$ cat model04.cif   # mmCIF, C-alpha atoms
data_query
loop_
_atom_site.label_atom_id
_atom_site.label_comp_id
_atom_site.auth_asym_id
_atom_site.auth_seq_id
_atom_site.Cartn_x
_atom_site.Cartn_y
_atom_site.Cartn_z
CA VAL A 1 -10.74 56.96 97.40
CA VAL A 2 -7.32 55.56 96.59
CA LEU A 3 -7.34 52.21 94.84
CA ARG A 4 -4.08 50.49 95.54
CA VAL A 5 -3.16 48.10 92.78
CA SER A 6 -0.34 45.71 93.56
CA SER A 7 2.42 45.17 91.09
CA HIS A 8 2.95 41.78 89.49
CA VAL A 9 6.39 40.59 90.57
CA ILE A 10 8.25 38.18 88.30
CA TRP A 11 11.40 36.34 89.34
CA TYR A 12 13.01 35.64 85.96
CA THR A 13 16.43 34.02 85.95
CA ALA A 14 18.69 31.29 84.65
CA LEU A 15 19.12 28.20 86.79
CA SER A 16 21.46 25.23 86.92
CA MET A 17 20.09 21.67 87.08
CA ASP A 18 20.59 21.82 90.84
CA GLY A 19 18.56 25.01 91.19
CA ARG A 20 21.43 27.44 91.58
CA ILE A 21 21.54 30.97 90.15
CA ALA A 22 25.34 31.28 90.40
CA ASP A 23 28.21 28.91 91.02
CA GLY A 24 30.49 28.72 94.06
CA GLN A 25 32.60 31.59 92.69
CA ASP A 26 29.50 33.75 92.12
CA SER A 27 30.04 33.30 88.40
CA LEU A 28 27.44 32.86 85.66
CA ASP A 29 29.84 31.41 83.09
CA TRP A 30 28.03 28.06 83.26
CA ILE A 31 25.14 29.61 81.33
CA GLU A 32 27.26 28.94 78.26
CA ALA A 33 26.25 25.26 78.67
CA ILE A 34 23.13 26.43 76.85
CA GLY A 35 23.82 26.09 73.15
CA PRO A 36 22.69 28.58 70.55
CA TYR A 37 19.01 28.30 69.65
CA GLU A 38 16.53 30.15 67.54
CA GLY A 39 15.04 33.08 69.39
CA SER A 40 17.62 33.11 72.17
CA GLY A 41 18.51 36.70 71.37
CA THR A 42 14.95 37.99 71.21
CA GLU A 43 13.27 35.96 73.98
CA PHE A 44 14.77 37.88 76.89
CA HIS A 45 14.24 41.23 75.19
CA ALA A 46 10.61 40.37 74.54
CA PHE A 47 10.26 39.69 78.26
CA LEU A 48 12.06 42.93 79.18
CA ALA A 49 9.73 44.92 76.91
CA THR A 50 6.84 43.93 79.21
CA ILE A 51 8.63 45.13 82.35
CA ASP A 52 8.06 48.50 84.09
CA ALA A 53 10.54 48.35 86.98
CA ALA A 54 13.35 46.22 88.39
CA VAL A 55 14.48 45.11 91.84
CA VAL A 56 18.06 43.93 92.22
CA GLY A 57 20.13 42.72 95.17
CA ALA A 58 23.65 43.78 96.06
CA SER A 59 25.34 40.49 95.14
CA THR A 60 23.82 40.42 91.68
CA LEU A 61 24.74 44.05 91.01
CA ARG A 62 28.29 43.53 92.34
CA TRP A 63 28.67 40.55 89.99
CA LEU A 64 27.61 42.72 87.05
CA LEU A 65 29.98 45.49 88.08
CA ARG A 66 32.89 43.07 88.58
CA GLY A 67 32.37 41.81 85.06
CA GLY A 68 32.54 45.38 83.79
CA HIS A 69 28.90 45.21 82.75
CA GLY A 70 27.58 48.16 84.74
CA TRP A 71 23.83 48.11 85.32
CA PRO A 72 22.48 47.06 81.92
CA HIS A 73 18.90 48.14 82.62
CA GLY A 74 19.36 51.82 83.37
CA ASP A 75 16.26 52.60 81.32
CA LEU A 76 14.12 50.76 83.91
CA PRO A 77 13.22 52.43 87.21
CA THR A 78 15.32 50.28 89.55
CA TRP A 79 15.35 49.59 93.25
CA LEU A 80 18.65 48.29 94.65
CA VAL A 81 18.40 46.35 97.93
CA SER A 82 21.70 47.01 99.68
CA HIS A 83 23.26 48.40 102.84
CA ASP A 84 26.17 49.78 100.80
CA PRO A 85 25.68 53.42 99.63
CA GLY A 86 28.89 53.18 97.59
CA LEU A 87 27.23 50.76 95.17
CA VAL A 88 25.05 53.52 93.73
CA ASP A 89 28.11 55.65 92.93
CA ARG A 90 29.68 52.70 91.13
CA VAL A 91 26.60 52.38 88.93
CA GLY A 92 26.84 56.03 87.86
CA PRO A 93 24.13 57.98 86.03
CA THR A 94 21.13 56.09 84.70
CA GLU A 95 18.33 57.09 82.36
CA ALA A 96 15.58 56.11 84.82
CA PRO A 97 15.64 56.58 88.62
CA PHE A 98 17.97 54.22 90.48
CA THR A 99 16.97 54.00 94.15
CA ARG A 100 18.83 52.27 96.95
CA VAL A 101 16.78 50.80 99.80
CA GLU A 102 17.65 48.64 102.79
CA GLY A 103 15.76 46.54 105.26
CA ASN A 104 12.27 45.19 104.67
CA LEU A 105 11.18 44.76 101.05
CA GLU A 106 7.50 45.50 101.78
CA PRO A 107 7.84 49.33 101.46
CA VAL A 108 9.83 48.78 98.27
CA PHE A 109 6.95 46.94 96.66
CA GLU A 110 4.57 49.61 97.99
CA ALA A 111 6.69 52.40 96.48
CA ILE A 112 6.84 50.58 93.15
CA ALA A 113 3.06 50.10 93.10
CA ALA A 114 2.51 53.72 94.18
CA ALA A 115 4.67 54.85 91.24
CA GLY A 116 2.27 52.99 88.97
CA HIS A 117 4.65 50.25 87.84
CA ARG A 118 2.61 47.17 87.02
CA ARG A 119 5.12 44.50 86.02
CA VAL A 120 8.22 44.22 88.17
CA TRP A 121 11.26 42.13 87.30
CA LEU A 122 13.02 40.70 90.31
CA CYS A 123 16.40 40.16 88.71
CA GLY A 124 18.31 38.65 91.61
CA GLY A 125 19.54 37.26 93.75
CA GLY A 126 18.34 34.34 95.81
CA ASP A 127 18.31 36.27 99.10
CA VAL A 128 16.13 39.05 97.71
CA ALA A 129 13.88 36.44 96.09
CA GLY A 130 13.70 34.62 99.44
CA GLN A 131 12.68 37.83 101.21
CA ALA A 132 10.05 38.51 98.57
CA LEU A 133 8.78 34.95 98.87
CA ALA A 134 8.57 35.28 102.66
CA LEU A 135 6.35 38.34 102.10
CA ASP A 136 4.39 36.32 99.52
CA ARG A 137 5.13 38.98 96.90
CA ILE A 138 6.38 36.63 94.19
CA ASP A 139 3.61 36.28 91.60
CA GLU A 140 5.47 34.46 88.87
CA VAL A 141 8.70 32.52 88.52
CA VAL A 142 10.28 32.07 85.10
CA VAL A 143 13.44 30.00 84.84
CA THR A 144 15.69 28.87 82.04
CA ILE A 145 17.36 25.70 83.27
CA ALA A 146 20.83 25.15 81.82
CA PRO A 147 21.90 21.50 81.36
CA VAL A 148 24.71 21.76 83.88
CA ALA A 149 25.20 20.74 87.52
CA LEU A 150 27.19 23.03 89.83
CA GLY A 151 27.16 21.53 93.34
CA LYS A 152 27.61 24.86 95.05
CA GLY A 153 26.21 28.38 94.89
CA PRO A 154 23.06 30.29 95.88
CA SER A 155 19.71 28.68 95.09
CA LEU A 156 16.66 30.20 93.39
CA PHE A 157 15.23 30.99 96.82
CA GLU A 158 17.34 31.47 99.93
CA GLY A 159 15.81 31.98 103.35
CA LEU A 160 16.22 30.50 106.77
CA ALA A 161 12.65 30.04 107.89
CA LEU A 162 10.71 30.45 104.68
CA PRO A 163 7.14 29.18 104.63
CA HIS A 164 6.68 26.70 101.79
CA ARG A 165 4.91 28.46 98.92
CA THR A 166 2.86 26.58 96.38
CA PHE A 167 2.69 27.65 92.74
CA GLN A 168 0.94 26.45 89.60
CA LEU A 169 2.96 25.12 86.71
CA ALA A 170 2.14 27.37 83.76
CA GLU A 171 4.81 26.35 81.24
CA CYS A 172 7.23 23.47 80.84
CA ARG A 173 9.02 22.98 77.53
CA PRO A 174 12.42 22.59 75.90
CA LEU A 175 13.61 26.07 74.98
CA GLY A 176 16.40 25.02 72.62
CA GLY A 177 20.12 24.67 73.08
CA GLY A 178 19.56 22.06 75.78
CA ALA A 179 17.74 24.52 78.03
CA ALA A 180 14.37 23.94 79.68
CA ARG A 181 11.84 26.70 80.29
CA LEU A 182 9.67 26.42 83.37
CA ARG A 183 7.17 29.00 84.50
CA TRP A 184 5.06 28.99 87.62
CA GLU A 185 2.33 31.30 88.87
CA ARG A 186 1.64 31.73 92.54
CA ALA A 187 -1.42 29.79 93.69
CA ARG A 188 -3.09 31.94 96.33
CA GLY A 189 -6.06 31.16 98.54
CA VAL B 190 39.82 -11.60 79.17
CA VAL B 191 37.55 -9.70 81.56
CA LEU B 192 35.32 -7.16 79.95
CA ARG B 193 34.39 -4.59 82.51
CA VAL B 194 31.06 -3.03 81.74
CA SER B 195 30.18 0.07 83.73
CA SER B 196 26.79 0.40 85.29
CA HIS B 197 24.40 3.11 84.21
CA VAL B 198 23.80 5.32 87.24
CA ILE B 199 20.53 7.22 87.45
CA TRP B 200 19.86 9.95 90.01
CA TYR B 201 16.07 9.87 90.22
CA THR B 202 14.41 12.12 92.77
CA ALA B 203 11.78 14.73 93.53
CA LEU B 204 12.85 18.35 93.56
CA SER B 205 11.44 21.64 94.75
CA MET B 206 11.29 24.67 92.42
CA ASP B 207 14.52 25.84 94.05
CA GLY B 208 16.31 22.57 93.34
CA ARG B 209 16.11 21.08 96.82
CA ILE B 210 15.58 17.41 97.63
CA ALA B 211 14.43 18.06 101.23
CA ASP B 212 13.37 21.07 103.22
CA GLY B 213 15.21 22.75 106.13
CA GLN B 214 13.82 20.13 108.54
CA ASP B 215 14.94 17.28 106.26
CA SER B 216 11.31 16.60 105.50
CA LEU B 217 9.74 15.55 102.20
CA ASP B 218 6.20 16.59 103.13
CA TRP B 219 6.29 19.33 100.48
CA ILE B 220 6.00 16.64 97.81
CA GLU B 221 2.28 16.75 98.57
CA ALA B 222 2.21 20.02 96.60
CA ILE B 223 2.02 17.66 93.63
CA GLY B 224 -1.64 16.94 93.04
CA PRO B 225 -3.01 13.54 92.05
CA TYR B 226 -2.48 12.72 88.39
CA GLU B 227 -3.03 9.77 86.11
CA GLY B 228 -0.15 7.34 86.29
CA SER B 229 1.38 8.80 89.45
CA GLY B 230 1.13 5.43 91.17
CA THR B 231 2.61 3.40 88.34
CA GLU B 232 5.27 5.80 86.98
CA PHE B 233 7.76 5.30 89.81
CA HIS B 234 7.15 1.55 89.91
CA ALA B 235 7.75 1.31 86.16
CA PHE B 236 11.08 3.05 86.75
CA LEU B 237 11.93 0.77 89.69
CA ALA B 238 11.22 -2.29 87.55
CA THR B 239 14.16 -1.29 85.32
CA ILE B 240 16.59 -1.01 88.25
CA ASP B 241 19.10 -3.66 89.35
CA ALA B 242 20.73 -2.06 92.39
CA ALA B 243 20.47 0.98 94.66
CA VAL B 244 22.89 3.38 96.34
CA VAL B 245 21.60 5.37 99.29
CA GLY B 246 23.21 7.89 101.65
CA ALA B 247 22.92 7.99 105.41
CA SER B 248 20.73 11.11 105.60
CA THR B 249 18.17 9.72 103.17
CA LEU B 250 18.04 6.38 104.97
CA ARG B 251 17.77 8.06 108.38
CA TRP B 252 14.86 10.13 107.07
CA LEU B 253 13.09 6.96 105.93
CA LEU B 254 13.73 5.28 109.28
CA ARG B 255 12.54 8.31 111.25
CA GLY B 256 9.28 8.21 109.32
CA GLY B 257 8.88 4.56 110.25
CA HIS B 258 9.27 3.55 106.62
CA GLY B 259 12.22 1.18 106.97
CA TRP B 260 14.15 0.58 103.77
CA PRO B 261 11.37 0.17 101.20
CA HIS B 262 13.60 -1.40 98.53
CA GLY B 263 14.93 -4.44 100.34
CA ASP B 264 14.42 -6.50 97.19
CA LEU B 265 17.15 -4.44 95.47
CA PRO B 266 20.83 -5.12 96.18
CA THR B 267 21.65 -1.93 98.07
CA TRP B 268 24.83 -0.10 98.99
CA LEU B 269 24.55 2.28 101.95
CA VAL B 270 27.15 5.06 102.10
CA SER B 271 27.61 5.76 105.80
CA HIS B 272 30.18 5.84 108.58
CA ASP B 273 27.54 4.55 111.02
CA PRO B 274 27.49 0.72 111.40
CA GLY B 275 24.39 0.98 113.59
CA LEU B 276 22.30 2.07 110.61
CA VAL B 277 22.45 -1.41 109.11
CA ASP B 278 21.04 -2.94 112.29
CA ARG B 279 18.19 -0.45 112.23
CA VAL B 280 17.30 -1.57 108.71
CA GLY B 281 17.05 -5.21 109.77
CA PRO B 282 16.87 -8.19 107.42
CA THR B 283 16.38 -7.56 103.70
CA GLU B 284 15.57 -9.84 100.81
CA ALA B 285 18.60 -8.76 98.77
CA PRO B 286 22.10 -7.97 100.12
CA PHE B 287 22.37 -4.68 102.00
CA THR B 288 26.01 -3.53 102.14
CA ARG B 289 27.43 -0.62 104.08
CA VAL B 290 30.42 1.21 102.62
CA GLU B 291 32.32 4.32 103.61
CA GLY B 292 34.78 6.65 101.97
CA ASN B 293 35.26 6.92 98.23
CA LEU B 294 32.34 5.92 96.02
CA GLU B 295 34.55 4.63 93.18
CA PRO B 296 34.98 1.10 94.62
CA VAL B 297 31.24 1.01 95.27
CA PHE B 298 30.46 1.54 91.61
CA GLU B 299 33.16 -1.01 90.75
CA ALA B 300 31.61 -3.59 93.07
CA ILE B 301 28.16 -2.94 91.63
CA ALA B 302 29.45 -3.38 88.06
CA ALA B 303 31.42 -6.49 89.08
CA ALA B 304 28.21 -7.97 90.48
CA GLY B 305 26.65 -7.52 87.06
CA HIS B 306 24.15 -4.83 87.97
CA ARG B 307 23.51 -2.72 84.91
CA ARG B 308 21.07 -0.02 86.00
CA VAL B 309 21.76 1.62 89.35
CA TRP B 310 19.38 3.94 91.14
CA LEU B 311 21.09 6.61 93.15
CA CYS B 312 18.26 7.35 95.54
CA GLY B 313 19.80 10.12 97.63
CA GLY B 314 20.95 12.34 98.94
CA GLY B 315 22.60 15.43 97.54
CA ASP B 316 26.00 14.69 99.10
CA VAL B 317 26.20 11.19 97.63
CA ALA B 318 25.01 12.58 94.28
CA GLY B 319 27.68 15.29 94.54
CA GLN B 320 30.38 12.68 95.18
CA ALA B 321 29.16 10.61 92.25
CA LEU B 322 29.12 13.72 90.05
CA ALA B 323 32.66 14.58 91.11
CA LEU B 324 33.67 11.07 89.93
CA ASP B 325 31.65 11.67 86.74
CA ARG B 326 29.62 8.56 87.50
CA ILE B 327 26.18 10.12 87.04
CA ASP B 328 24.83 8.99 83.66
CA GLU B 329 21.27 10.21 83.92
CA VAL B 330 19.31 12.61 86.10
CA VAL B 331 15.53 12.27 86.36
CA VAL B 332 13.65 14.80 88.45
CA THR B 333 10.04 15.44 89.28
CA ILE B 334 9.81 19.12 90.13
CA ALA B 335 7.07 19.93 92.64
CA PRO B 336 5.44 23.37 92.28
CA VAL B 337 6.69 24.57 95.66
CA ALA B 338 9.55 26.79 96.85
CA LEU B 339 11.38 25.88 100.07
CA GLY B 340 14.23 28.38 100.60
CA LYS B 341 16.33 25.95 102.60
CA GLY B 342 17.49 22.35 102.40
CA PRO B 343 20.00 20.22 100.49
CA SER B 344 20.21 20.71 96.72
CA LEU B 345 20.16 18.07 93.97
CA PHE B 346 23.96 18.13 93.96
CA GLU B 347 26.06 19.16 96.94
CA GLY B 348 29.83 19.45 96.76
CA LEU B 349 32.42 22.00 97.69
CA ALA B 350 34.65 22.01 94.64
CA LEU B 351 32.59 20.16 92.07
CA PRO B 352 33.63 20.50 88.43
CA HIS B 353 30.70 21.78 86.37
CA ARG B 354 29.19 18.84 84.49
CA THR B 355 27.27 19.30 81.29
CA PHE B 356 24.30 17.10 80.40
CA GLN B 357 21.87 16.82 77.50
CA LEU B 358 18.20 17.55 78.02
CA ALA B 359 16.36 14.34 77.13
CA GLU B 360 12.87 15.07 78.45
CA CYS B 361 10.94 18.14 79.58
CA ARG B 362 7.19 17.92 80.05
CA PRO B 363 4.36 18.51 82.48
CA LEU B 364 3.86 15.29 84.41
CA GLY B 365 0.46 16.10 85.87
CA GLY B 366 -0.63 17.41 89.25
CA GLY B 367 1.44 20.56 88.72
CA ALA B 368 4.68 18.61 88.53
CA ALA B 369 7.31 18.91 85.81
CA ARG B 370 9.42 16.02 84.61
CA LEU B 371 12.95 16.78 83.48
CA ARG B 372 15.49 14.22 82.38
CA TRP B 373 19.10 14.75 81.42
CA GLU B 374 21.76 12.41 80.09
CA ARG B 375 25.43 13.05 80.70
CA ALA B 376 27.17 14.52 77.65
CA ARG B 377 30.67 13.01 77.67
CA GLY B 378 33.62 13.71 75.41
#
$ encode --input "model04.cif" --output "structure tokens"
Amino acid sequence: VVLRVSSHVIWYTALSMDGRIADGQDSLDWIEAIGPYEGSGTEFHAFLATIDAAVVGASTLRWLLRGGHGWPHGDLPTWLVSHDPGLVDRVGPTEAPFTRVEGNLEPVFEAIAAAGHRRVWLCGGGDVAGQALALDRIDEVVVTIAPVALGKGPSLFEGLALPHRTFQLAECRPLGGGAARLRWERARG
Amino acid sequence: VVLRVSSHVIWYTALSMDGRIADGQDSLDWIEAIGPYEGSGTEFHAFLATIDAAVVGASTLRWLLRGGHGWPHGDLPTWLVSHDPGLVDRVGPTEAPFTRVEGNLEPVFEAIAAAGHRRVWLCGGGDVAGQALALDRIDEVVVTIAPVALGKGPSLFEGLALPHRTFQLAECRPLGGGAARLRWERARG
């Protein structure tokens, strides 16, 4: 008997007041609108320490590479959703497996669960999050809302014919530095 | 000597988790994801009681008219931003003046201030809010975030080449019924 245990997928990201994860130039510079606050350095790392695997889209990875960042989470088993094989070469060697996939996300989540990874960080972007939402595979959404309005750029979820998905508000508080922390858990059934 | 006092412009609206003010079908049905909570009936009316004038865009008004709602705030002096003269006829008679304008919003805000209206409700939609933001005439943003993700639809601010605008977080709390209340005030200078 094989007991299949699903992973818990968390979409954790920064957001503008108008719900965007990047501006019209695909930049994240606006995050600097968040002032310094106590715990800002440790909060994200504390989250990361609970994570077993990552899923990242091509746009998000390209943005990191353009900024000369590389893939900063090479210690996490990572699945890249992209049609571009060249992207993997640009990432270079990583500590943990870095796997490129294309097409439907469902087998990706199955492979992650089969590998025994329990907590999965969906680290961008809005299209991948939209696909995951369409499959109803988003279990938790954690956003840090910066006090800035952008007017253009991809939203937290992007999808043409997405069914509306209802969540439960689990957290809502000022985080410091003018940022707001909101957290939702998927309300199923 | 004429002392010109600017109005205080408040963009007060409901928002999805992904920062949208309507879904892909221009519907607001998703607001029902907010459960009943104490004060839900009086909260909006308490806000309205502080308001002296309203600015509304064509899409928002058309949505109200399609739903058979008419213009529910006929007691407020209202400026409609629209190129369509027929829209005014569809609204019919109102208690307070209902004025259609087109083009730049700057003279609209000037006319509102000249008429002595101090607190102005910008009641939609994202394009009008984007234009007002571009003019730096948004003083306060008040949103009720519903615990639902849409994936498509206009965002809180829509504008092609909008300068990023920084605000100060003034309020961040659970409102009840799964909704979150966030309020920002424009940080100028």
$ atom_distance --input "model04.cif" --atom1 "atom CA of B:Leu324" --atom2 "atom CA of B:Val277"
25.5 Å
$ resolve_selection --input "model04.cif" --expression "the PyMOL selection byres ((chain B and resi 366) around 8)" --output "compact mmCIF listing (two decimals) with C-alpha atoms, keeping the file's coordinate frame"
# COMPACT_ATOMS: atom_id res chain seq x y z
CA ILE B 223 2.02 17.66 93.63
CA GLY B 224 -1.64 16.94 93.04
CA PRO B 225 -3.01 13.54 92.05
CA TYR B 226 -2.48 12.72 88.39
CA LEU B 364 3.86 15.29 84.41
CA GLY B 365 0.46 16.10 85.87
CA GLY B 367 1.44 20.56 88.72
CA ALA B 368 4.68 18.61 88.53
$ residues_around --input "model04.cif" --residues "stretch 27-32 of chain A" --least-positions-apart "6" --cutoff "12 Å" --atoms "all atoms listed in the file" --output "PyMOL selection string"
(chain A and resi 13-17+20-21+59-60+62-64+66-67+144-150+152-154+177-179) or (chain B and resi 352-356)
$ closest_residue --input "model04.cif" --among "B:Leu311, B:Val194, B:Val290, B:Ala247" --to "B:Leu265" --atoms "only C-alpha atoms"
B:Leu311
$ closest_residue --input "model04.cif" --among "A:Ala113, A:Cys172, A:Val56, A:Leu105" --to "chain B" --atoms "all atoms listed in the file"
A:Cys172
$ atom_distance --input "model04.cif" --atom1 "atom CA of B:Thr288" --atom2 "atom CA of B:Pro274"
10.3 Å
$ resolve_selection --input "model04.cif" --expression "the PyMOL selection byres ((chain B and resi 328) around 9)" --output "list in words"
Ser196, His197, Val198, Ile199, Trp200, Asp325, Arg326, Ile327, Glu329, Val330, Phe356, Trp373, Glu374, Arg375 and Ala376 of chain B
$ atom_distance --input "model04.cif" --atom1 "atom CA of B:Leu254" --atom2 "atom CA of B:Val317"
18.1 Å
$ closest_residue --input "model04.cif" --among "B:Ser195, B:Asn293, B:Gln214, B:Thr283" --to "chain A" --atoms "only C-alpha atoms"
B:Gln214
$ residues_near_point --input "model04.cif" --point "(17.0, -9.1, 95.7)" --cutoff "10 Å" --atoms "only C-alpha atoms" --output "list in words"
Asp241, Ala242, His262, Gly263, Asp264, Leu265, Pro266, Thr267, Thr283, Glu284, Ala285, Pro286 and Phe287 of chain B
$ build_atoms --input "model04.cif" --residues "stretch 97-114 of chain A" --atoms "N, CA, C and O atoms" --output "mmCIF file, in the coordinates of the input"
data_model
loop_
_atom_site.group_PDB
_atom_site.id
_atom_site.type_symbol
_atom_site.label_atom_id
_atom_site.label_comp_id
_atom_site.auth_asym_id
_atom_site.auth_seq_id
_atom_site.Cartn_x
_atom_site.Cartn_y
_atom_site.Cartn_z
ATOM 1 N N PRO A 97 15.210 56.507 87.210
ATOM 2 C CA PRO A 97 15.640 56.580 88.620
ATOM 3 C C PRO A 97 16.225 55.271 89.127
ATOM 4 O O PRO A 97 15.692 54.190 88.828
ATOM 5 N N PHE A 98 17.315 55.377 89.873
ATOM 6 C CA PHE A 98 17.970 54.220 90.480
ATOM 7 C C PHE A 98 17.983 54.478 91.982
ATOM 8 O O PHE A 98 18.684 55.373 92.455
ATOM 9 N N THR A 99 17.207 53.720 92.737
ATOM 10 C CA THR A 99 16.970 54.000 94.150
ATOM 11 C C THR A 99 17.524 52.900 95.033
ATOM 12 O O THR A 99 17.201 51.736 94.824
ATOM 13 N N ARG A 100 18.337 53.270 96.012
ATOM 14 C CA ARG A 100 18.830 52.270 96.950
ATOM 15 C C ARG A 100 17.915 52.209 98.175
ATOM 16 O O ARG A 100 17.507 53.249 98.697
ATOM 17 N N VAL A 101 17.596 51.003 98.598
ATOM 18 C CA VAL A 101 16.780 50.800 99.800
ATOM 19 C C VAL A 101 17.466 49.747 100.660
ATOM 20 O O VAL A 101 18.277 48.956 100.182
ATOM 21 N N GLU A 102 17.147 49.717 101.938
ATOM 22 C CA GLU A 102 17.650 48.640 102.790
ATOM 23 C C GLU A 102 16.559 48.203 103.741
ATOM 24 O O GLU A 102 15.574 48.907 103.946
ATOM 25 N N GLY A 103 16.750 47.042 104.322
ATOM 26 C CA GLY A 103 15.760 46.540 105.260
ATOM 27 C C GLY A 103 14.627 45.836 104.548
ATOM 28 O O GLY A 103 14.804 45.260 103.472
ATOM 29 N N ASN A 104 13.450 45.913 105.153
ATOM 30 C CA ASN A 104 12.270 45.190 104.670
ATOM 31 C C ASN A 104 11.914 45.550 103.230
ATOM 32 O O ASN A 104 11.940 46.702 102.827
ATOM 33 N N LEU A 105 11.547 44.543 102.454
ATOM 34 C CA LEU A 105 11.180 44.760 101.050
ATOM 35 C C LEU A 105 9.745 45.282 100.885
ATOM 36 O O LEU A 105 9.411 45.829 99.835
ATOM 37 N N GLU A 106 8.919 45.124 101.906
ATOM 38 C CA GLU A 106 7.500 45.500 101.780
ATOM 39 C C GLU A 106 7.329 46.941 101.302
ATOM 40 O O GLU A 106 6.621 47.182 100.315
ATOM 41 N N PRO A 107 7.984 47.946 101.952
ATOM 42 C CA PRO A 107 7.840 49.330 101.460
ATOM 43 C C PRO A 107 8.371 49.524 100.047
ATOM 44 O O PRO A 107 7.908 50.411 99.331
ATOM 45 N N VAL A 108 9.314 48.696 99.644
ATOM 46 C CA VAL A 108 9.830 48.780 98.270
ATOM 47 C C VAL A 108 8.712 48.453 97.286
ATOM 48 O O VAL A 108 8.445 49.199 96.336
ATOM 49 N N PHE A 109 8.038 47.325 97.544
ATOM 50 C CA PHE A 109 6.950 46.940 96.660
ATOM 51 C C PHE A 109 5.813 47.970 96.706
ATOM 52 O O PHE A 109 5.162 48.247 95.702
ATOM 53 N N GLU A 110 5.608 48.570 97.887
ATOM 54 C CA GLU A 110 4.570 49.610 97.990
ATOM 55 C C GLU A 110 4.946 50.828 97.159
ATOM 56 O O GLU A 110 4.116 51.403 96.457
ATOM 57 N N ALA A 111 6.233 51.228 97.238
ATOM 58 C CA ALA A 111 6.690 52.400 96.480
ATOM 59 C C ALA A 111 6.578 52.139 94.976
ATOM 60 O O ALA A 111 6.168 53.021 94.208
ATOM 61 N N ILE A 112 6.906 50.934 94.572
ATOM 62 C CA ILE A 112 6.840 50.580 93.150
ATOM 63 C C ILE A 112 5.393 50.629 92.656
ATOM 64 O O ILE A 112 5.090 51.181 91.595
ATOM 65 N N ALA A 113 4.481 50.077 93.469
ATOM 66 C CA ALA A 113 3.060 50.100 93.100
ATOM 67 C C ALA A 113 2.547 51.529 93.091
ATOM 68 O O ALA A 113 1.797 51.933 92.184
ATOM 69 N N ALA A 114 2.966 52.329 94.089
ATOM 70 C CA ALA A 114 2.510 53.720 94.180
ATOM 71 C C ALA A 114 2.982 54.526 92.967
ATOM 72 O O ALA A 114 2.310 55.463 92.526
#
